[in-house]
$ cat model.cif   # mmCIF, C-alpha atoms
data_my_file
#
loop_
_atom_site.label_atom_id
_atom_site.label_comp_id
_atom_site.auth_asym_id
_atom_site.auth_seq_id
_atom_site.Cartn_x
_atom_site.Cartn_y
_atom_site.Cartn_z
CA MET A 492 14.77 49.25 15.23
CA ALA A 493 13.63 47.61 18.44
CA SER A 494 11.25 44.63 18.05
CA VAL A 495 8.10 44.73 20.13
CA VAL A 496 7.64 40.92 20.12
CA PRO A 497 10.64 38.93 21.43
CA LEU A 498 12.64 37.35 18.62
CA LYS A 499 12.13 33.79 19.83
CA GLU A 500 8.38 33.68 19.26
CA LYS A 501 8.20 35.29 15.84
CA LYS A 502 7.08 33.30 12.83
CA LEU A 503 9.37 33.07 9.81
CA MET A 504 7.55 35.66 7.73
CA ASP A 505 7.74 38.26 10.55
CA VAL A 506 11.48 37.91 11.11
CA LYS A 507 13.49 40.68 9.51
CA LEU A 508 16.35 39.69 7.23
CA GLY A 509 19.04 40.98 9.57
CA GLU A 510 17.61 39.00 12.47
CA LEU A 511 17.42 35.77 10.48
CA LEU A 512 20.85 34.45 11.44
CA SER A 513 20.13 34.84 15.14
CA TRP A 514 16.57 33.49 14.80
CA ILE A 515 17.44 30.11 13.29
CA PRO A 516 19.38 28.66 16.28
CA MET A 517 16.53 29.69 18.57
CA ARG A 518 14.15 27.21 16.89
CA ASP A 519 13.34 23.91 18.57
CA PHE A 520 15.44 21.16 16.99
CA THR A 521 14.70 18.46 19.55
CA PRO A 522 12.86 15.33 18.22
CA LYS A 523 9.68 16.64 19.81
CA GLY A 524 10.14 19.97 18.05
CA ILE A 525 10.79 18.35 14.69
CA ALA A 526 7.74 16.10 15.11
CA GLY A 527 5.73 19.20 15.97
CA ALA A 528 6.95 20.89 12.82
CA PHE A 529 5.88 17.91 10.67
CA GLN A 530 2.51 17.84 12.39
CA ARG A 531 1.98 21.58 11.84
CA GLY A 532 2.94 21.24 8.19
CA TYR A 533 0.60 18.27 7.69
CA TYR A 534 -2.36 20.08 9.25
CA ARG A 535 -1.63 23.26 7.31
CA TYR A 536 -1.84 21.31 4.05
CA TYR A 537 -4.79 19.19 5.17
CA ASN A 538 -6.90 22.13 6.33
CA LYS A 539 -6.15 24.17 3.26
CA TYR A 540 -6.77 21.60 0.52
CA VAL A 541 -8.60 18.54 1.84
CA ASN A 542 -10.65 19.47 4.90
CA VAL A 543 -12.83 21.98 3.03
CA LYS A 544 -16.48 21.90 2.11
CA LYS A 545 -15.98 21.44 -1.62
CA GLY A 546 -12.57 19.84 -1.89
CA GLY A 547 -11.52 18.71 -5.31
CA VAL A 548 -9.10 16.25 -6.79
CA ALA A 549 -6.26 18.78 -6.38
CA GLY A 550 -5.79 18.02 -2.70
CA ILE A 551 -4.83 14.41 -3.11
CA SER A 552 -3.26 14.65 -6.57
CA MET A 553 -0.67 17.15 -5.31
CA VAL A 554 0.33 14.62 -2.67
CA LEU A 555 0.61 11.85 -5.28
CA ALA A 556 2.63 14.07 -7.61
CA ALA A 557 5.03 14.85 -4.78
CA TYR A 558 5.27 11.10 -4.07
CA VAL A 559 6.14 10.38 -7.71
CA LEU A 560 8.76 13.13 -7.65
CA PHE A 561 10.24 11.77 -4.42
CA ASN A 562 10.53 8.28 -5.92
CA TYR A 563 12.07 9.69 -9.09
CA CYS A 564 14.76 11.43 -7.06
CA ARG A 565 15.31 8.18 -5.18
CA CYS A 566 15.90 6.14 -8.37
CA TYR A 567 17.73 8.82 -10.33
CA LYS A 568 21.01 6.98 -10.18
CA GLU A 569 19.62 3.99 -12.09
CA LEU A 570 17.46 6.07 -14.39
CA LYS A 571 20.47 8.11 -15.53
CA HIS A 572 21.57 5.18 -17.68
CA GLU A 573 18.28 5.02 -19.57
CA ARG A 574 18.54 8.45 -21.14
CA LEU A 575 18.55 8.82 -24.92
CA CYS A 576 22.15 9.54 -25.79
CA LYS A 577 24.81 8.28 -28.11
CA TYR A 578 27.37 7.19 -25.54
CA HIS A 579 26.37 5.85 -22.12
CA MET B 1319 18.48 -4.54 -19.81
CA ASN B 1320 19.09 -7.61 -17.68
CA GLU B 1321 20.18 -5.68 -14.65
CA ASN B 1322 17.62 -2.93 -14.57
CA LEU B 1323 14.55 -5.10 -15.01
CA PHE B 1324 14.60 -6.12 -11.37
CA THR B 1325 16.17 -3.07 -9.77
CA SER B 1326 12.75 -1.58 -9.17
CA PHE B 1327 12.04 -4.43 -6.75
CA THR B 1328 15.07 -3.89 -4.53
CA SER B 1329 14.58 -2.44 -1.08
CA PRO B 1330 14.59 1.33 -1.46
CA THR B 1331 17.48 3.27 -0.03
CA MET B 1332 18.13 6.96 -0.29
CA MET B 1333 21.73 8.08 0.19
CA GLY B 1334 22.44 4.81 1.95
CA LEU B 1335 19.57 4.99 4.42
CA PRO B 1336 16.77 2.44 4.12
CA ILE B 1337 13.48 4.27 3.73
CA VAL B 1338 11.29 1.23 3.17
CA THR B 1339 9.51 1.90 6.49
CA LEU B 1340 8.56 5.39 5.35
CA ILE B 1341 7.21 4.04 2.09
CA ILE B 1342 5.13 1.41 3.90
CA LEU B 1343 3.75 4.10 6.21
CA PHE B 1344 2.92 6.51 3.38
CA PRO B 1345 -0.58 5.16 2.49
CA SER B 1346 -1.75 5.91 6.02
CA MET B 1347 -1.38 9.61 5.21
CA LEU B 1348 -4.00 9.28 2.51
CA PHE B 1349 -6.69 8.06 4.92
CA PRO B 1350 -7.47 10.94 7.30
CA SER B 1351 -9.48 9.95 10.32
CA PRO B 1352 -13.10 11.17 10.33
CA GLY B 1353 -13.55 13.59 13.21
CA ARG B 1354 -17.03 14.91 12.61
CA LEU B 1355 -20.52 13.81 11.77
CA ILE B 1356 -20.30 15.23 8.25
CA ASN B 1357 -16.75 15.10 6.97
CA ASN B 1358 -14.89 16.50 4.00
CA ARG B 1359 -15.33 14.83 0.63
CA LEU B 1360 -12.27 12.63 0.79
CA THR B 1361 -13.18 11.22 4.18
CA SER B 1362 -16.83 10.77 3.21
CA ILE B 1363 -15.92 8.80 0.09
CA GLN B 1364 -13.56 6.58 2.07
CA GLN B 1365 -16.18 6.08 4.79
CA TRP B 1366 -18.79 5.03 2.26
CA LEU B 1367 -16.41 2.59 0.56
CA ILE B 1368 -15.37 1.02 3.85
CA GLN B 1369 -18.97 0.62 4.99
CA LEU B 1370 -19.86 -1.00 1.67
CA THR B 1371 -16.92 -3.40 1.85
CA SER B 1372 -17.34 -4.30 5.50
CA LYS B 1373 -21.02 -5.09 5.09
CA GLN B 1374 -20.32 -7.28 2.11
CA MET B 1375 -17.49 -9.11 3.78
CA MET B 1376 -18.61 -9.56 7.36
CA LEU B 1377 -22.26 -10.54 6.90
CA ILE B 1378 -21.43 -14.24 6.60
CA HIS B 1379 -19.79 -14.40 10.01
CA ASN B 1380 -21.35 -15.01 13.37
CA HIS B 1381 -20.79 -12.73 16.33
CA LYS B 1382 -17.43 -14.21 17.20
CA GLY B 1383 -16.15 -13.88 13.66
CA GLN B 1384 -17.35 -10.29 13.41
CA THR B 1385 -14.88 -9.27 16.11
CA TRP B 1386 -12.28 -9.60 13.34
CA THR B 1387 -13.87 -6.79 11.31
CA LEU B 1388 -11.29 -4.17 12.22
CA MET B 1389 -8.43 -6.49 11.32
CA LEU B 1390 -9.88 -7.49 7.96
CA MET B 1391 -10.93 -3.98 6.99
CA SER B 1392 -7.52 -2.51 7.74
CA LEU B 1393 -5.97 -5.44 5.84
CA ILE B 1394 -7.96 -4.77 2.68
CA MET B 1395 -7.36 -1.03 2.94
CA PHE B 1396 -3.63 -1.54 3.34
CA ILE B 1397 -3.18 -4.03 0.52
CA GLY B 1398 -5.49 -2.12 -1.83
CA SER B 1399 -3.85 1.25 -1.26
CA THR B 1400 -0.32 -0.17 -1.41
CA ASN B 1401 -1.03 -1.97 -4.68
CA LEU B 1402 -2.65 1.08 -6.24
CA LEU B 1403 0.18 3.38 -5.18
CA GLY B 1404 2.61 0.93 -6.78
CA LEU B 1405 1.10 1.71 -10.17
CA LEU B 1406 2.45 5.27 -10.03
CA PRO B 1407 5.67 5.69 -12.03
CA HIS B 1408 8.93 4.87 -10.26
CA SER B 1409 7.26 3.91 -7.01
CA PHE B 1410 8.15 0.96 -4.80
CA THR B 1411 5.44 -1.56 -3.94
CA PRO B 1412 5.99 -3.28 -0.60
CA THR B 1413 3.62 -6.12 -1.53
CA THR B 1414 6.06 -7.35 -4.17
CA GLN B 1415 8.30 -8.52 -1.36
CA LEU B 1416 7.55 -12.07 -0.33
CA SER B 1417 8.86 -11.33 3.15
CA MET B 1418 6.13 -8.82 3.80
CA ASN B 1419 3.33 -10.96 2.40
CA LEU B 1420 4.45 -13.93 4.47
CA GLY B 1421 4.51 -11.61 7.46
CA MET B 1422 0.88 -10.75 6.78
CA ALA B 1423 -0.37 -14.19 5.79
CA ILE B 1424 1.19 -16.49 8.39
CA PRO B 1425 0.03 -14.68 11.55
CA LEU B 1426 -3.50 -14.19 10.24
CA TRP B 1427 -3.88 -17.78 9.11
CA ALA B 1428 -2.29 -19.10 12.31
CA GLY B 1429 -4.66 -16.90 14.30
CA THR B 1430 -7.70 -18.42 12.65
CA VAL B 1431 -6.40 -21.98 13.10
CA ALA B 1432 -5.45 -21.40 16.73
CA MET B 1433 -8.85 -19.86 17.41
CA GLY B 1434 -10.57 -22.86 15.83
CA LEU B 1435 -8.49 -25.34 17.78
CA ARG B 1436 -9.10 -23.54 21.03
CA THR B 1437 -12.82 -22.90 20.84
CA LYS B 1438 -14.18 -25.73 18.72
CA THR B 1439 -11.50 -28.39 18.89
CA LYS B 1440 -13.56 -31.32 17.64
CA ALA B 1441 -15.15 -29.41 14.80
CA SER B 1442 -11.90 -27.93 13.54
CA LEU B 1443 -10.16 -31.30 13.64
CA ALA B 1444 -13.14 -32.79 11.81
CA HIS B 1445 -12.29 -30.57 8.83
CA PHE B 1446 -9.46 -32.96 8.07
CA LEU B 1447 -11.84 -35.66 6.89
CA PRO B 1448 -14.57 -34.81 4.39
CA GLN B 1449 -17.89 -36.52 4.96
CA GLY B 1450 -18.61 -39.83 3.34
CA THR B 1451 -15.09 -40.97 2.48
CA PRO B 1452 -14.64 -44.72 2.04
CA PHE B 1453 -12.87 -46.33 4.99
CA PRO B 1454 -9.61 -47.47 3.26
CA LEU B 1455 -8.96 -43.96 1.96
CA ILE B 1456 -9.01 -42.29 5.38
CA PRO B 1457 -5.26 -42.19 6.23
CA MET B 1458 -4.32 -40.83 2.83
CA LEU B 1459 -7.07 -38.24 2.92
CA VAL B 1460 -6.07 -37.00 6.36
CA ILE B 1461 -2.53 -36.49 5.08
CA ILE B 1462 -3.78 -34.67 2.00
CA GLU B 1463 -6.11 -32.44 3.99
CA SER B 1464 -3.40 -31.53 6.47
CA ILE B 1465 -1.00 -30.66 3.66
CA SER B 1466 -3.67 -28.49 2.09
CA LEU B 1467 -4.16 -26.78 5.44
CA LEU B 1468 -0.48 -26.09 5.93
CA ILE B 1469 -0.11 -24.73 2.45
CA GLN B 1470 -2.82 -22.07 2.93
CA PRO B 1471 -0.53 -19.29 4.28
CA MET B 1472 2.12 -20.00 1.66
CA ALA B 1473 -0.50 -19.82 -1.07
CA LEU B 1474 -1.87 -16.55 0.29
CA ALA B 1475 1.54 -14.90 0.35
CA VAL B 1476 2.87 -16.28 -2.92
CA ARG B 1477 -0.37 -15.48 -4.76
CA LEU B 1478 -0.19 -11.82 -3.82
CA THR B 1479 3.54 -11.51 -4.50
CA ALA B 1480 3.43 -13.27 -7.83
CA ASN B 1481 0.42 -11.37 -9.16
CA ILE B 1482 1.72 -7.93 -8.33
CA THR B 1483 5.29 -8.66 -9.37
CA ALA B 1484 4.20 -10.21 -12.66
CA GLY B 1485 2.01 -7.22 -13.45
CA HIS B 1486 4.80 -4.75 -12.77
CA LEU B 1487 7.27 -6.76 -14.85
CA LEU B 1488 4.85 -6.92 -17.79
CA ILE B 1489 4.35 -3.18 -17.68
CA HIS B 1490 8.13 -2.63 -17.64
CA LEU B 1491 8.70 -5.00 -20.55
CA ILE B 1492 5.87 -3.84 -22.77
CA GLY B 1493 6.68 -0.20 -22.09
CA GLY B 1494 10.28 -0.82 -23.03
CA ALA B 1495 9.17 -2.63 -26.16
CA THR B 1496 6.94 0.29 -27.18
CA LEU B 1497 9.81 2.73 -26.79
CA ALA B 1498 12.16 0.53 -28.77
CA LEU B 1499 9.64 0.03 -31.56
CA ILE B 1500 8.97 3.73 -32.19
CA ASN B 1501 12.02 4.11 -34.40
CA ILE B 1502 11.45 0.85 -36.22
CA SER B 1503 7.76 0.88 -37.10
CA ALA B 1504 5.23 3.42 -35.83
CA ILE B 1505 2.18 1.21 -36.35
CA THR B 1506 3.59 -1.67 -34.32
CA ALA B 1507 4.49 0.83 -31.63
CA LEU B 1508 0.90 2.05 -31.62
CA ILE B 1509 -0.43 -1.48 -31.24
CA THR B 1510 2.00 -2.13 -28.41
CA PHE B 1511 0.93 1.10 -26.79
CA ILE B 1512 -2.70 0.03 -26.92
CA ILE B 1513 -1.68 -3.26 -25.30
CA LEU B 1514 0.10 -1.23 -22.63
CA THR B 1515 -3.02 0.83 -21.94
CA LEU B 1516 -5.17 -2.27 -21.61
CA LEU B 1517 -2.57 -3.83 -19.35
CA THR B 1518 -2.56 -0.79 -17.10
CA VAL B 1519 -6.34 -0.97 -16.77
CA LEU B 1520 -5.95 -4.65 -15.89
CA GLU B 1521 -3.34 -3.79 -13.31
CA PHE B 1522 -5.67 -1.37 -11.59
CA ALA B 1523 -8.25 -4.09 -11.39
CA VAL B 1524 -5.69 -6.66 -10.22
CA ALA B 1525 -4.49 -4.33 -7.50
CA LEU B 1526 -7.93 -4.15 -6.00
CA ILE B 1527 -8.90 -7.74 -6.68
CA GLN B 1528 -5.80 -9.14 -5.02
CA ALA B 1529 -6.52 -7.15 -1.90
CA TYR B 1530 -10.05 -8.47 -1.91
CA VAL B 1531 -9.01 -12.05 -2.50
CA PHE B 1532 -6.46 -11.99 0.28
CA THR B 1533 -8.94 -10.62 2.75
CA LEU B 1534 -11.73 -12.88 1.55
CA LEU B 1535 -9.64 -15.98 2.00
CA VAL B 1536 -8.60 -14.98 5.48
CA SER B 1537 -12.23 -14.39 6.30
CA LEU B 1538 -13.10 -17.78 4.88
CA TYR B 1539 -10.52 -19.48 7.08
CA LEU B 1540 -12.03 -17.51 9.92
CA HIS B 1541 -15.51 -18.70 9.06
CA ASP B 1542 -14.36 -22.28 9.11
CA ASN B 1543 -12.95 -21.83 12.55
CA THR B 1544 -15.59 -19.85 14.42
#
$ encode --input "model.cif" --output "structure tokens"
Amino acid sequence: MASVVPLKEKKLMDVKLGELLSWIPMRDFTPKGIAGAFQRGYYRYYNKYVNVKKGGVAGISMVLAAYVLFNYCRCYKELKHERLCKYH
Amino acid sequence: MNENLFTSFTSPTMMGLPIVTLIILFPSMLFPSPGRLINNRLTSIQQWLIQLTSKQMMLIHNHKGQTWTLMLMSLIMFIGSTNLLGLLPHSFTPTTQLSMNLGMAIPLWAGTVAMGLRTKTKASLAHFLPQGTPFPLIPMLVIIESISLLIQPMALAVRLTANITAGHLLIHLIGGATLALINISAITALITFIILTLLTVLEFAVALIQAYVFTLLVSLYLHDNT
């Protein structure tokens, strides 16, 4: 089926599964593109959860939970030895 | 036990790459910049807190000293947020590293001293001799006052490092003791757990107080020199 919009400019959710493999290399992987991706992601989260009229504690606590998880993954190697088991 | 007590203070690496810069930059993500007249709740709360703190801290200064407001406010925000984030489980606190605290203390203190020497040379040198000292004591007192001046940045840095590191170590130790005591005697474990809760409350207070003290002392050195 012919696409009306050129493949390069489609967002991820509009790309059909068969076109996925040819869509991925078309994305911008330069440092500027990656920085743009981080910026877009940050503003998506910020505008959805924090920058609203009646924001709650969920906006910032999700960030802190992700931070805790990130640090846990970082220290996992040392934490492995502190598990409760018979033989270490 | 001996090895893993201090491993939480080592410089964080992930798969061999040092990510300590990312961790130092992380608190800046939690302070979004206010773009509008009426902002979202998070930004409004932060704005109110910063206005409260800046008024309390900068009122004692004259016009020249108040040009340091931005520096001191960002200092207290950075140290406060970094210390509070360090209370989350498994996180790394940059202010436990003496290198970083020296890097904050020495330039700020040197800036205040240099400013004093440049603008009010006689008055800043006069600080070395308190008023009304008996004549024979003068050489000794000048030496003592200059030593106490030179020790100010060291004291600033070591105070912050030692307080935060000691708090983290105590939490590690008492938490480990609670876990070890559960199998031995439940009541002692409960008492230790209560101690742990009180200690955590103290640590929250210490995190904020240390930020305040650091900034207050820098502002005091500034006041002496403007």
$ closest_atom_pairs --input "model.cif" --of "chain B" --to "chain A" --cutoff "8 Å" --atoms "only C-alpha atoms" --output "Markdown table"
| residue | atom | partner | partner_atom | distance |
| --- | --- | --- | --- | --- |
| B:Asn1322 | CA | A:Glu569 | CA | 7.6 |
| B:Pro1330 | CA | A:Arg565 | CA | 7.8 |
| B:Thr1331 | CA | A:Arg565 | CA | 7.4 |
| B:Met1332 | CA | A:Arg565 | CA | 5.8 |
| B:Leu1348 | CA | A:Ile551 | CA | 7.7 |
| B:Asn1357 | CA | A:Asn542 | CA | 7.8 |
| B:Asn1358 | CA | A:Asn542 | CA | 5.3 |
| B:Arg1359 | CA | A:Gly546 | CA | 6.3 |
| B:Leu1360 | CA | A:Val541 | CA | 7.0 |
| B:Leu1406 | CA | A:Val559 | CA | 6.7 |
| B:Pro1407 | CA | A:Val559 | CA | 6.4 |
| B:His1408 | CA | A:Asn562 | CA | 5.7 |
| B:Ser1409 | CA | A:Asn562 | CA | 5.6 |
| B:Phe1410 | CA | A:Asn562 | CA | 7.8 |
$ resolve_selection --input "model.cif" --expression "the PyMOL selection byres ((chain B and resi 1425-1431) around 10)" --output "PyMOL selection string"
chain B and resi 1383+1386+1389-1390+1420-1424+1432-1436+1442+1467-1468+1470-1472+1474+1533+1535-1544
$ resolve_selection --input "model.cif" --expression "the PyMOL selection byres ((chain A and resi 515) around 12)" --output "list in words"
Leu498, Lys499, Glu500, Lys501, Lys502, Leu503, Val506, Lys507, Leu508, Gly509, Glu510, Leu511, Leu512, Ser513, Trp514, Pro516, Met517, Arg518, Asp519 and Phe520 of chain A
$ residues_around --input "model.cif" --residues "Ser1464 in chain B" --least-positions-apart "2" --cutoff "10 Å" --atoms "only C-alpha atoms" --output "count of residues only"
12
$ resolve_selection --input "model.cif" --expression "the PyMOL selection byres ((chain B and resi 1342) around 10)" --output "list in words"
Ile1337, Val1338, Thr1339, Leu1340, Ile1341, Leu1343, Phe1344, Pro1345, Ser1346, Phe1396, Thr1400, Phe1410, Thr1411, Pro1412 and Thr1413 of chain B
$ write_last_selection --input "model.cif" --atoms "C-alpha atoms" --output "short mmCIF file (atom, residue, chain, number, x, y, z; two decimals), in the coordinates of the input"
data_model
loop_
_atom_site.label_atom_id
_atom_site.label_comp_id
_atom_site.auth_asym_id
_atom_site.auth_seq_id
_atom_site.Cartn_x
_atom_site.Cartn_y
_atom_site.Cartn_z
CA ILE B 1337 13.48 4.27 3.73
CA VAL B 1338 11.29 1.23 3.17
CA THR B 1339 9.51 1.90 6.49
CA LEU B 1340 8.56 5.39 5.35
CA ILE B 1341 7.21 4.04 2.09
CA LEU B 1343 3.75 4.10 6.21
CA PHE B 1344 2.92 6.51 3.38
CA PRO B 1345 -0.58 5.16 2.49
CA SER B 1346 -1.75 5.91 6.02
CA PHE B 1396 -3.63 -1.54 3.34
CA THR B 1400 -0.32 -0.17 -1.41
CA PHE B 1410 8.15 0.96 -4.80
CA THR B 1411 5.44 -1.56 -3.94
CA PRO B 1412 5.99 -3.28 -0.60
CA THR B 1413 3.62 -6.12 -1.53
#
$ atom_distance --input "model.cif" --atom1 "CA of Leu1355 in chain B" --atom2 "CA of Tyr534 in chain A"
19.4 Å
$ atom_distance --input "model.cif" --atom1 "CA of Leu1514 in chain B" --atom2 "CA of Leu1487 in chain B"
11.9 Å
$ atom_distance --input "model.cif" --atom1 "CA of Ile1513 in chain B" --atom2 "CA of Ala1495 in chain B"
10.9 Å
